[in-house]
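Colleague: Got a structure for you, input_32.cif, holding mmCIF, C-alpha atoms and all ligand atoms.
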```cif
data_upload
loop_
_atom_site.label_atom_id
_atom_site.label_comp_id
_atom_site.auth_asym_id
_atom_site.auth_seq_id
_atom_site.Cartn_x
_atom_site.Cartn_y
_atom_site.Cartn_z
CA MET A 1 89.54 78.22 88.28
CA ALA A 2 86.81 79.26 90.74
CA GLY A 3 85.46 76.36 92.77
CA LEU A 4 88.62 74.27 92.47
CA SER A 5 90.97 73.75 95.37
CA ALA A 6 94.34 75.44 94.91
CA ALA A 7 96.05 72.04 94.56
CA ASP A 8 93.57 70.91 91.86
CA ALA A 9 94.05 74.18 90.01
CA ALA A 10 97.82 73.68 90.15
CA ALA A 11 97.49 70.13 88.75
CA ILE A 12 95.62 71.56 85.75
CA HIS A 13 98.67 73.63 84.82
CA LEU A 14 100.76 70.45 84.69
CA ARG A 15 98.67 68.77 81.98
CA PRO A 16 100.26 68.12 78.57
CA GLY A 17 100.57 70.94 76.02
CA THR A 18 102.54 71.92 72.93
CA LEU A 19 105.31 73.93 74.63
CA GLN A 20 108.40 72.06 75.88
CA LEU A 21 110.03 73.90 78.78
CA GLY A 22 112.96 71.79 79.97
CA THR A 23 113.80 73.68 83.15
CA GLN A 24 112.03 76.20 85.32
CA PRO A 25 113.65 79.65 85.58
CA GLN A 26 114.50 81.55 88.74
CA LEU A 27 111.49 82.52 90.86
CA ALA A 28 111.01 85.98 92.39
CA LEU A 29 108.27 87.37 94.64
CA TYR A 30 106.63 90.78 94.12
CA VAL A 31 104.49 92.25 96.91
CA HIS A 32 102.31 95.27 96.10
CA LEU A 33 101.50 97.76 98.88
CA ALA A 34 98.95 100.02 97.25
CA TRP A 35 98.76 103.28 99.24
CA CYS A 36 100.37 106.72 98.91
CA LEU A 37 99.95 109.96 100.87
CA LYS A 38 98.77 111.69 97.70
CA LYS A 39 98.38 110.64 94.07
CA CYS A 40 101.04 112.22 91.81
CA PRO A 41 99.58 113.80 88.65
CA TYR A 42 101.70 111.68 86.27
CA CYS A 43 101.28 108.32 88.02
CA ASP A 44 99.25 105.42 86.60
CA PHE A 45 100.45 102.79 89.04
CA ASN A 46 97.88 101.03 91.19
CA SER A 47 98.24 103.48 94.05
CA HIS A 48 95.48 104.94 96.20
CA GLU A 49 95.46 107.93 98.56
CA SER A 50 95.70 106.69 102.12
CA LYS A 51 93.59 109.56 103.53
CA GLY A 52 95.48 109.18 106.77
CA LYS A 53 94.78 105.49 107.31
CA VAL A 54 96.18 102.33 105.76
CA PRO A 55 94.35 99.11 106.83
CA GLU A 56 97.72 97.55 107.53
CA ALA A 57 96.77 94.49 109.59
CA ARG A 58 93.90 93.42 107.31
CA TYR A 59 96.01 93.93 104.19
CA LEU A 60 98.83 91.81 105.66
CA ASP A 61 96.27 89.10 106.46
CA ALA A 62 95.01 89.28 102.87
CA LEU A 63 98.56 89.04 101.49
CA MET A 64 99.16 85.86 103.46
CA ALA A 65 95.84 84.33 102.39
CA ASP A 66 96.84 85.22 98.81
CA LEU A 67 100.28 83.64 99.20
CA GLU A 68 98.90 80.49 100.79
CA SER A 69 96.44 79.98 97.93
CA ALA A 70 99.29 80.42 95.43
CA LEU A 71 101.74 78.04 97.14
CA PRO A 72 100.68 74.90 95.18
CA LEU A 73 101.75 76.73 92.00
CA VAL A 74 105.33 77.06 93.26
CA TRP A 75 105.81 73.93 95.38
CA GLY A 76 109.45 73.07 95.99
CA ARG A 77 110.83 76.25 94.41
CA ARG A 78 113.15 78.72 96.12
CA VAL A 79 112.71 82.48 95.86
CA SER A 80 115.76 84.45 94.75
CA SER A 81 114.48 87.98 95.42
CA VAL A 82 111.58 89.84 97.00
CA PHE A 83 110.47 93.28 95.84
CA ILE A 84 108.07 95.25 98.03
CA GLY A 85 106.74 97.89 95.66
CA GLY A 86 103.89 100.31 95.37
CA GLY A 87 102.39 102.68 95.95
CA THR A 88 104.53 103.76 98.86
CA PRO A 89 105.57 100.71 100.89
CA SER A 90 107.41 102.92 103.39
CA LEU A 91 103.95 104.03 104.63
CA PHE A 92 103.76 100.60 106.28
CA SER A 93 105.23 100.42 109.78
CA PRO A 94 108.54 98.61 110.29
CA GLN A 95 106.59 96.14 112.49
CA GLY A 96 104.28 95.51 109.55
CA ILE A 97 107.21 94.91 107.17
CA ASP A 98 108.84 92.67 109.79
CA ARG A 99 105.65 90.63 110.03
CA LEU A 100 105.32 90.50 106.23
CA LEU A 101 108.85 89.16 105.76
CA ALA A 102 108.54 86.69 108.62
CA ASP A 103 105.23 85.44 107.18
CA ILE A 104 106.79 85.06 103.75
CA ARG A 105 109.82 83.19 105.12
CA ALA A 106 107.51 80.83 107.02
CA ARG A 107 105.82 79.83 103.74
CA LEU A 108 108.43 80.14 100.99
CA PRO A 109 112.10 79.16 101.11
CA LEU A 110 114.23 82.21 100.28
CA GLU A 111 117.67 81.61 98.81
CA PRO A 112 120.49 82.48 101.21
CA GLY A 113 121.41 86.13 100.63
CA ALA A 114 118.17 86.83 98.74
CA GLU A 115 117.81 90.46 97.65
CA ILE A 116 114.91 92.12 99.47
CA THR A 117 114.07 95.58 98.08
CA LEU A 118 111.60 98.07 99.53
CA GLU A 119 110.43 101.21 97.70
CA ALA A 120 110.47 104.30 99.89
CA ASN A 121 109.41 107.91 99.44
CA PRO A 122 111.56 110.66 100.95
CA GLY A 123 109.19 111.94 103.67
CA THR A 124 110.65 112.79 107.06
CA PHE A 125 108.72 110.23 109.09
CA GLU A 126 109.67 107.57 106.57
CA ARG A 127 113.38 108.39 106.76
CA GLU A 128 113.26 107.78 110.49
CA ARG A 129 112.10 104.23 109.73
CA PHE A 130 114.84 103.23 107.27
CA ARG A 131 117.03 101.52 109.89
CA ALA A 132 114.04 99.63 111.25
CA PHE A 133 113.25 98.40 107.73
CA ARG A 134 116.85 97.19 107.55
CA SER A 135 116.44 95.33 110.86
CA ALA A 136 113.25 93.75 109.52
CA GLY A 137 115.32 92.14 106.77
CA VAL A 138 115.15 94.63 103.87
CA THR A 139 118.55 94.53 102.11
CA ARG A 140 118.05 97.24 99.47
CA LEU A 141 116.17 100.52 99.55
CA SER A 142 114.85 102.20 96.41
CA ILE A 143 114.11 105.88 96.99
CA GLY A 144 111.71 107.79 94.74
CA VAL A 145 113.47 111.15 94.60
CA GLN A 146 112.48 112.22 91.03
CA SER A 147 114.27 115.59 91.34
CA PHE A 148 116.33 117.54 93.86
CA ASP A 149 114.78 120.87 92.76
CA ASP A 150 112.04 122.36 94.96
CA ALA A 151 110.26 124.16 92.11
CA MET A 152 110.31 121.04 89.95
CA LEU A 153 109.07 118.81 92.77
CA GLN A 154 106.11 121.16 93.19
CA ARG A 155 105.43 121.20 89.46
CA ILE A 156 105.22 117.40 89.37
CA GLY A 157 103.04 117.32 92.48
CA ARG A 158 105.41 115.58 94.88
CA VAL A 159 104.68 115.78 98.62
CA HIS A 160 108.36 116.03 99.60
CA ASP A 161 110.86 118.83 99.07
CA ALA A 162 114.53 118.81 98.06
CA ALA A 163 115.81 118.95 101.65
CA GLN A 164 113.81 115.82 102.51
CA ALA A 165 115.15 114.11 99.39
CA HIS A 166 118.74 114.87 100.43
CA ALA A 167 118.13 113.70 103.99
CA ALA A 168 116.49 110.47 102.78
CA VAL A 169 119.33 109.57 100.43
CA ALA A 170 121.95 110.35 103.08
CA GLU A 171 120.12 108.09 105.53
CA ALA A 172 119.70 105.28 102.98
CA ARG A 173 123.41 105.46 102.23
CA ALA A 174 124.28 105.23 105.93
CA ALA A 175 121.81 102.43 106.69
CA PHE A 176 122.06 100.14 103.62
CA ASP A 177 124.89 98.39 101.78
CA THR A 178 123.09 98.96 98.52
CA PHE A 179 120.38 101.39 97.46
CA ASN A 180 118.79 102.97 94.41
CA ILE A 181 117.77 106.51 93.57
CA ASP A 182 114.84 106.99 91.14
CA LEU A 183 115.04 110.18 89.07
CA MET A 184 112.83 111.32 86.22
CA TYR A 185 113.86 113.57 83.33
CA ALA A 186 112.17 115.49 80.50
CA LEU A 187 110.11 117.10 83.26
CA PRO A 188 107.83 120.14 82.74
CA GLY A 189 109.98 123.15 81.79
CA GLN A 190 113.21 121.28 82.53
CA THR A 191 116.43 122.58 80.92
CA LEU A 192 119.71 120.74 80.37
CA ALA A 193 121.25 122.85 83.12
CA ALA A 194 118.49 121.84 85.55
CA LEU A 195 118.98 118.17 84.71
CA GLN A 196 122.72 118.61 85.17
CA GLN A 197 122.04 119.88 88.71
CA ASP A 198 119.80 116.91 89.50
CA LEU A 199 122.50 114.53 88.27
CA ASP A 200 125.18 116.39 90.29
CA ALA A 201 123.03 116.09 93.39
CA ALA A 202 122.32 112.38 92.87
CA LEU A 203 125.89 111.43 91.94
CA ALA A 204 127.31 113.28 94.97
CA TYR A 205 125.94 110.36 97.02
CA ALA A 206 127.85 107.82 94.90
CA PRO A 207 124.72 105.70 94.51
CA PRO A 208 125.42 102.03 93.70
CA HIS A 209 122.31 102.09 91.48
CA LEU A 210 120.44 104.83 89.66
CA SER A 211 117.19 104.59 87.68
CA VAL A 212 116.43 107.52 85.39
CA TYR A 213 113.03 107.46 83.70
CA HIS A 214 111.80 109.63 80.85
CA LEU A 215 108.53 111.15 82.16
CA THR A 216 105.67 109.67 80.18
CA VAL A 217 102.18 111.13 80.12
CA GLU A 218 99.98 108.14 80.82
CA PRO A 219 96.28 107.96 79.92
CA ASN A 220 93.87 108.56 82.81
CA THR A 221 96.27 110.73 84.79
CA VAL A 222 95.94 114.40 85.72
CA PHE A 223 98.79 115.23 83.31
CA ALA A 224 96.86 113.56 80.47
CA VAL A 225 93.87 115.84 81.17
CA ARG A 226 95.95 119.00 81.74
CA PRO A 227 99.23 118.36 79.90
CA PRO A 228 102.20 120.39 81.13
CA VAL A 229 104.70 121.85 78.66
CA LEU A 230 107.38 119.20 78.24
CA PRO A 231 110.81 119.24 76.58
CA ASP A 232 110.60 118.35 72.88
CA GLU A 233 112.12 115.17 71.43
CA ASP A 234 115.45 116.77 70.53
CA LEU A 235 115.94 118.21 73.99
CA ALA A 236 114.89 114.89 75.59
CA SER A 237 117.44 113.11 73.41
CA ASP A 238 120.18 115.58 74.46
CA MET A 239 119.15 114.92 78.06
CA LEU A 240 119.61 111.18 77.60
CA ASP A 241 123.08 111.80 76.13
CA LEU A 242 123.93 113.97 79.14
CA ILE A 243 122.71 111.28 81.55
CA SER A 244 124.70 108.56 79.76
CA ALA A 245 127.90 110.62 79.76
CA ARG A 246 127.62 111.78 83.38
CA VAL A 247 126.85 108.41 84.88
CA ALA A 248 129.47 106.58 82.77
CA ALA A 249 132.07 109.07 84.03
CA VAL A 250 131.48 107.91 87.61
CA GLY A 251 131.58 104.20 86.78
CA LEU A 252 127.88 103.42 86.62
CA GLN A 253 127.05 101.11 83.73
CA ARG A 254 123.82 101.45 81.77
CA TYR A 255 122.74 97.81 81.86
CA GLU A 256 119.09 98.39 80.98
CA VAL A 257 117.18 101.17 79.22
CA SER A 258 116.62 103.16 82.42
CA ALA A 259 118.95 101.44 84.91
CA TYR A 260 122.56 102.22 85.77
CA ALA A 261 124.65 100.32 88.30
CA ARG A 262 128.09 99.87 89.73
CA ALA A 263 129.58 96.37 89.41
CA GLY A 264 127.81 93.98 91.77
CA HIS A 265 124.84 96.31 92.37
CA ARG A 266 122.46 95.48 89.52
CA CYS A 267 118.91 94.90 90.71
CA ARG A 268 118.60 91.11 90.72
CA HIS A 269 114.82 91.25 90.97
CA ASN A 270 114.37 93.44 87.88
CA LEU A 271 117.03 91.46 85.98
CA ASN A 272 114.89 88.39 86.53
CA TYR A 273 111.92 90.13 84.82
CA TRP A 274 114.06 91.19 81.87
CA GLN A 275 115.51 87.70 81.55
CA PHE A 276 111.95 86.36 81.36
CA GLY A 277 112.24 84.64 84.71
CA ASP A 278 109.25 83.68 86.85
CA TYR A 279 107.60 85.80 89.51
CA LEU A 280 104.69 85.39 91.82
CA GLY A 281 102.91 88.71 92.39
CA ILE A 282 100.78 89.14 95.50
CA GLY A 283 98.80 92.20 96.56
CA ALA A 284 96.23 94.47 94.92
CA GLY A 285 96.61 94.51 91.12
CA ALA A 286 99.86 92.50 91.23
CA HIS A 287 100.91 90.62 88.10
CA GLY A 288 102.62 87.24 88.05
CA LYS A 289 104.22 84.93 85.49
CA LEU A 290 104.83 81.25 86.20
CA SER A 291 106.31 78.52 84.00
CA PHE A 292 105.15 74.90 83.87
CA PRO A 293 106.55 72.08 81.70
CA HIS A 294 104.06 72.83 78.88
CA ARG A 295 102.77 76.37 79.44
CA VAL A 296 103.50 79.88 80.69
CA LEU A 297 100.80 81.26 82.96
CA ARG A 298 100.05 84.92 83.68
CA GLN A 299 97.96 86.04 86.64
CA VAL A 300 96.51 89.36 87.82
CA ARG A 301 95.06 90.08 91.29
CA TRP A 302 91.99 92.26 91.99
CA ARG A 303 93.02 95.88 91.56
CA GLU A 304 90.94 97.79 94.11
CA PRO A 305 92.44 97.28 97.57
CA ALA A 306 89.02 96.76 99.23
CA ALA A 307 87.94 94.17 96.65
CA TYR A 308 91.36 92.54 96.78
CA MET A 309 91.28 92.17 100.58
CA LYS A 310 87.76 90.73 100.57
CA CYS A 311 88.49 88.22 97.78
CA ALA A 312 91.99 87.26 98.95
CA LEU A 313 90.66 86.48 102.43
CA GLN A 314 88.18 84.11 100.74
CA GLY A 315 91.00 82.41 98.83
CA GLN A 316 90.13 84.15 95.51
CA ALA A 317 92.81 86.84 95.09
CA VAL A 318 93.27 86.19 91.36
CA SER A 319 90.93 88.20 89.12
CA ASN A 320 92.32 87.02 85.79
CA GLU A 321 94.58 84.22 84.68
CA TYR A 322 95.57 83.02 81.21
CA GLU A 323 98.18 81.03 79.31
CA VAL A 324 100.48 83.05 77.08
CA SER A 325 99.83 81.79 73.55
CA ARG A 326 102.55 80.31 71.32
CA ARG A 327 102.25 83.24 68.96
CA GLU A 328 102.68 85.88 71.68
CA LEU A 329 105.60 84.25 73.48
CA PRO A 330 108.40 85.46 71.13
CA PHE A 331 107.23 89.09 71.49
CA GLU A 332 106.84 88.82 75.25
CA PHE A 333 110.32 87.34 75.58
CA MET A 334 111.91 89.98 73.31
CA LEU A 335 110.03 92.88 74.91
CA ASN A 336 111.99 92.10 78.06
CA ALA A 337 115.29 90.69 76.80
CA LEU A 338 115.99 93.57 74.40
CA ARG A 339 115.86 96.06 77.28
CA LEU A 340 119.18 94.64 78.45
CA ARG A 341 122.34 96.20 77.04
CA GLU A 342 124.04 92.81 77.14
CA GLY A 343 121.13 91.10 75.40
CA PHE A 344 120.49 87.40 75.88
CA GLU A 345 121.83 83.96 75.03
CA LEU A 346 119.87 82.40 72.18
CA ALA A 347 119.63 79.16 74.15
CA ARG A 348 117.69 81.07 76.81
CA PHE A 349 114.83 81.71 74.37
CA ALA A 350 114.02 78.01 73.96
CA GLU A 351 114.54 77.41 77.68
CA ARG A 352 112.14 80.18 78.77
CA THR A 353 109.43 79.90 76.11
CA GLY A 354 109.48 76.17 75.29
CA LEU A 355 109.52 77.11 71.60
CA PRO A 356 112.15 76.17 69.02
CA LEU A 357 114.59 78.89 68.02
CA SER A 358 113.07 78.86 64.53
CA ALA A 359 110.11 80.82 66.03
CA LEU A 360 112.47 83.80 66.30
CA GLN A 361 114.55 83.39 63.16
CA ALA A 362 112.66 85.57 60.64
CA PRO A 363 112.31 88.79 62.71
CA LEU A 364 115.83 88.27 64.08
CA ALA A 365 117.18 88.27 60.51
CA VAL A 366 115.26 91.50 59.71
CA ALA A 367 116.54 93.20 62.88
CA GLU A 368 120.09 92.15 62.07
CA ALA A 369 119.84 93.36 58.46
CA ARG A 370 118.62 96.77 59.72
CA GLY A 371 121.55 97.07 62.12
CA LEU A 372 119.30 97.00 65.20
CA ILE A 373 120.85 93.92 66.78
CA GLU A 374 124.23 92.21 66.70
CA ARG A 375 125.65 88.85 67.80
CA ASP A 376 128.79 88.10 69.79
CA ASP A 377 131.76 86.40 68.08
CA ALA A 378 130.45 82.92 68.86
CA GLY A 379 127.02 83.86 67.49
CA THR A 380 125.29 82.64 70.66
CA VAL A 381 124.45 85.99 72.27
CA VAL A 382 122.11 88.56 70.69
CA ARG A 383 122.13 92.17 71.89
CA PRO A 384 120.73 95.48 70.67
CA THR A 385 123.23 97.71 68.85
CA PRO A 386 123.49 101.32 70.15
CA HIS A 387 121.19 102.24 67.23
CA GLY A 388 118.74 99.48 68.20
CA PHE A 389 118.82 100.66 71.82
CA ASN A 390 117.89 104.19 70.69
CA PHE A 391 114.96 102.85 68.64
CA LEU A 392 113.95 100.14 71.04
CA SER A 393 110.20 100.18 70.43
CA ASP A 394 110.73 99.83 66.66
CA LEU A 395 113.07 96.93 67.34
CA GLN A 396 110.67 95.24 69.77
CA ALA A 397 107.77 95.71 67.32
CA LEU A 398 109.53 93.44 64.80
CA PHE A 399 108.70 90.55 67.10
CA LEU A 400 104.95 91.25 67.37
CA PRO A 401 102.81 88.25 66.39
CA PRO A 402 101.88 88.37 62.70
CA ALA A 403 98.48 90.09 62.45
CA ALA A 404 97.30 87.61 59.83
CA ALA A 405 97.94 84.53 61.96
CA GLY A 406 94.70 83.08 63.26
CA ALA A 407 93.78 82.21 66.81
CA GLN A 408 93.75 78.46 66.03
CA ASP A 409 97.35 77.94 67.13
CA ARG A 410 96.82 79.42 70.58
C1 LIG A 501 106.24 102.45 91.25
S1 LIG A 501 106.91 104.05 91.35
C2 LIG A 501 106.97 103.98 93.09
C3 LIG A 501 107.99 104.80 93.80
C4 LIG A 501 107.49 105.74 94.84
N1 LIG A 501 106.12 105.59 95.16
C5 LIG A 501 107.72 107.16 94.41
O1 LIG A 501 106.97 107.64 93.55
O2 LIG A 501 108.59 107.78 94.96
C6 LIG A 501 108.54 103.78 90.74
C7 LIG A 501 109.13 104.88 89.91
O3 LIG A 501 108.50 104.98 88.65
C8 LIG A 501 108.77 106.25 88.12
N2 LIG A 501 107.53 106.74 87.47
C9 LIG A 501 106.30 106.73 87.96
N3 LIG A 501 105.42 107.25 87.06
C10 LIG A 501 106.15 107.59 85.96
C11 LIG A 501 105.85 108.19 84.69
N4 LIG A 501 104.61 108.54 84.35
N5 LIG A 501 106.87 108.37 83.81
C12 LIG A 501 108.12 108.01 84.13
N6 LIG A 501 108.47 107.47 85.30
C13 LIG A 501 107.50 107.25 86.22
C14 LIG A 501 109.21 107.14 89.26
O4 LIG A 501 110.57 107.47 89.11
C15 LIG A 501 109.00 106.27 90.48
O5 LIG A 501 109.97 106.50 91.45
S1 LIG A 502 104.20 108.35 95.28
FE1 LIG A 502 104.90 106.97 93.61
S2 LIG A 502 103.34 105.36 93.45
FE2 LIG A 502 102.50 107.02 94.72
S3 LIG A 502 101.30 108.24 93.34
FE3 LIG A 502 103.34 109.15 93.41
S4 LIG A 502 104.54 108.14 91.77
FE4 LIG A 502 102.67 106.95 92.09
#
```
Can you give me the file's structure in the form of structure tokens?
Ligand SMILES: C[S@@+](CC[C@H](N)C(=O)[O-])C[C@H]1O[C@@H](n2cnc3c(N)ncnc32)[C@H](O)[C@@H]1O
Ligand code: SF4
Modeller:
Amino acid sequence: MAGLSAADAAAIHLRPGTLQLGTQPQLALYVHLAWCLKKCPYCDFNSHESKGKVPEARYLDALMADLESALPLVWGRRVSSVFIGGGTPSLFSPQGIDRLLADIRARLPLEPGAEITLEANPGTFERERFRAFRSAGVTRLSIGVQSFDDAMLQRIGRVHDAAQAHAAVAEARAAFDTFNIDLMYALPGQTLAALQQDLDAALAYAPPHLSVYHLTVEPNTVFAVRPPVLPDEDLASDMLDLISARVAAVGLQRYEVSAYARAGHRCRHNLNYWQFGDYLGIGAGAHGKLSFPHRVLRQVRWREPAAYMKCALQGQAVSNEYEVSRRELPFEFMLNALRLREGFELARFAERTGLPLSALQAPLAVAEARGLIERDDAGTVVRPTPHGFNFLSDLQALFLPPAAAGAQDR
């Protein structure tokens, strides 16, 4: 869309098409802050070592130029949640976060009581800022603890130690009404007993929300080049059983593959992704998904922070943008919706994709026959069975577009 004004580009997305989306879903805002003190050896997120200096003011200017260019795509819509993710957003000063949120509020109407999450790492100087982040308007802190074991933290290349992790969680608990702890499991050399200790440590803080991720070795990371010795599949599966049992015993419900929450503390922002809602993503490498009456648009911003800042300040933050094709929409919807323990209402499929339910019928029947999904009594809600949840990627793969189908129906 280079060369077009933002308003003209937006008008193009309103032209007729073959999808029929009756209503627009909830809209969320994701803001990517792309720096970290040091790159972790397992991480493939768009994060860059700060080398002591984050160009905070210029990046905030770029974010606002980015948002302003995107506004015509979301005219008249309210934002239900904001997620400031990274990278390590807590490297930004509280004044910077205050300015960011004020600048967002000046341009986009936030729903009253909107959830505003900020990802934080457990360094000492960051902990001292938690209350100031709260005063700036952040309502929910997500702390990347990973483990409470010093030896393990070293093995996975974290810059913080266990004492800092404890201090950070204690401070988050004191300063915020709701917060999340990120843990990882199936870590190098980890035993069930070691995981048990990590869970004990995390649960001692009675966290309203816990995310526990299976460590994955991603391509192009240090761990991919020099793989550590990891627990085998059987041990990893026993670990997941241990996690499920321990967290259920303290009243945290597994509502998504990796997410556990007490009643009223589910992450509204992430739920919106899994329910195939809309989100505008601003910042280096940020992804977005926006619905129009006849199409679903995906956008990606320039990935390198320097290139992103330069282009965003010229009104060209988007590096790639495309319509999701009719044949890919069922898979994209199911990839998200099947992550939820409670599944989804069938009516939501047509509402979010603009496709008739018949587009889903054949793979749905296969999944049901294989015992991977089930319906509620009324037959209107589809959810993964416990078996389907354990073999989620096999289940999701049933909804991949047929390989033989041509590109003519895009
Ligand atoms: C976007 S990261 C940012 C959080 C923060 N920078 C941190 O690392 O503390 C969010 C979470 O993803 C998880 N994560 C990152 N890389 C992972 C990997 N390779 N496998 C599993 N989980 C991963 C970690 O638990 C991390 O806290
Ligand atoms: S601190 Fe978080 S985002 Fe940064 S490199 Fe480590 S895992 Fe990735």
Colleague: By how many Å are CA of His32 (chain A) and CA of Arg173 (chain A) apart?
Modeller: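 Answer for the CA of His32 (chain A) to CA of Arg173 (chain A) separation: 24.2 Å.
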Colleague: Can you tell me which residues come within 10 Å of ligand LIG 502 (chain A) when counting all atoms listed in the file, ideally as a ChimeraX atom specification?
Modeller: /A:33-49,85-89,119-122,143-146,156-160
Colleague: CA of Val318 (chain A) and atom C1 of ligand LIG 501 (chain A) are how many Å apart?
Modeller: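 We find that CA of Val318 (chain A) and atom C1 of ligand LIG 501 (chain A) lie 20.8 Å from each other.
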Colleague: Which one is closest to Gln196 (chain A): A:Leu210, A:Leu360, A:Ile243, A:Leu215? Count only C-alpha atoms.
Modeller: A:Ile243
Colleague: Go ahead and compute the interatomic distance for CA of Glu218 (chain A) and atom N6 of ligand LIG 501 (chain A), in Å to one decimal.
Modeller: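 So the two atoms, CA of Glu218 (chain A) and atom N6 of ligand LIG 501 (chain A), lie 9.6 Å apart.
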Colleague: With distances taken over all atoms listed in the file, which of A:Ala259, A:Ala70, A:Leu203, A:Ala175 is nearest to ligand LIG 501 (chain A)?
Modeller: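 Comparing A:Ala259, A:Ala70, A:Leu203, A:Ala175 against ligand LIG 501 (chain A), the winner is A:Ala259.
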Colleague: How would region 237-248 of chain A look with N, CA, C and O atoms restored, written as a short mmCIF file (atom, residue, chain, number, x, y, z; two decimals), in the frame of the given file?
Modeller:
```cif
data_model
loop_
_atom_site.label_atom_id
_atom_site.label_comp_id
_atom_site.auth_asym_id
_atom_site.auth_seq_id
_atom_site.Cartn_x
_atom_site.Cartn_y
_atom_site.Cartn_z
N SER A 237 116.35 113.95 73.89
CA SER A 237 117.44 113.11 73.41
C SER A 237 118.80 113.64 73.90
O SER A 237 119.67 112.87 74.32
N ASP A 238 118.96 114.99 73.90
CA ASP A 238 120.18 115.58 74.46
C ASP A 238 120.28 115.25 75.96
O ASP A 238 121.37 115.03 76.50
N MET A 239 119.14 115.24 76.62
CA MET A 239 119.15 114.92 78.06
C MET A 239 119.64 113.50 78.29
O MET A 239 120.43 113.24 79.20
N LEU A 240 119.17 112.57 77.45
CA LEU A 240 119.61 111.18 77.60
C LEU A 240 121.12 111.07 77.36
O LEU A 240 121.82 110.35 78.09
N ASP A 241 121.63 111.82 76.38
CA ASP A 241 123.08 111.80 76.13
C ASP A 241 123.83 112.32 77.36
O ASP A 241 124.86 111.78 77.74
N LEU A 242 123.28 113.39 77.96
CA LEU A 242 123.93 113.97 79.14
C LEU A 242 123.94 112.94 80.29
O LEU A 242 124.97 112.74 80.95
N ILE A 243 122.80 112.29 80.48
CA ILE A 243 122.71 111.28 81.55
C ILE A 243 123.75 110.18 81.31
O ILE A 243 124.53 109.83 82.21
N SER A 244 123.78 109.67 80.06
CA SER A 244 124.70 108.56 79.76
C SER A 244 126.14 108.97 80.03
O SER A 244 126.90 108.21 80.64
N ALA A 245 126.51 110.18 79.60
CA ALA A 245 127.90 110.62 79.76
C ALA A 245 128.24 110.82 81.24
O ALA A 245 129.28 110.36 81.72
N ARG A 246 127.33 111.47 81.97
CA ARG A 246 127.62 111.78 83.38
C ARG A 246 127.72 110.51 84.24
O ARG A 246 128.60 110.38 85.07
N VAL A 247 126.82 109.59 84.01
CA VAL A 247 126.85 108.41 84.88
C VAL A 247 128.01 107.49 84.50
O VAL A 247 128.64 106.89 85.37
N ALA A 248 128.34 107.42 83.19
CA ALA A 248 129.47 106.58 82.77
C ALA A 248 130.75 107.12 83.40
O ALA A 248 131.63 106.35 83.81
#
```
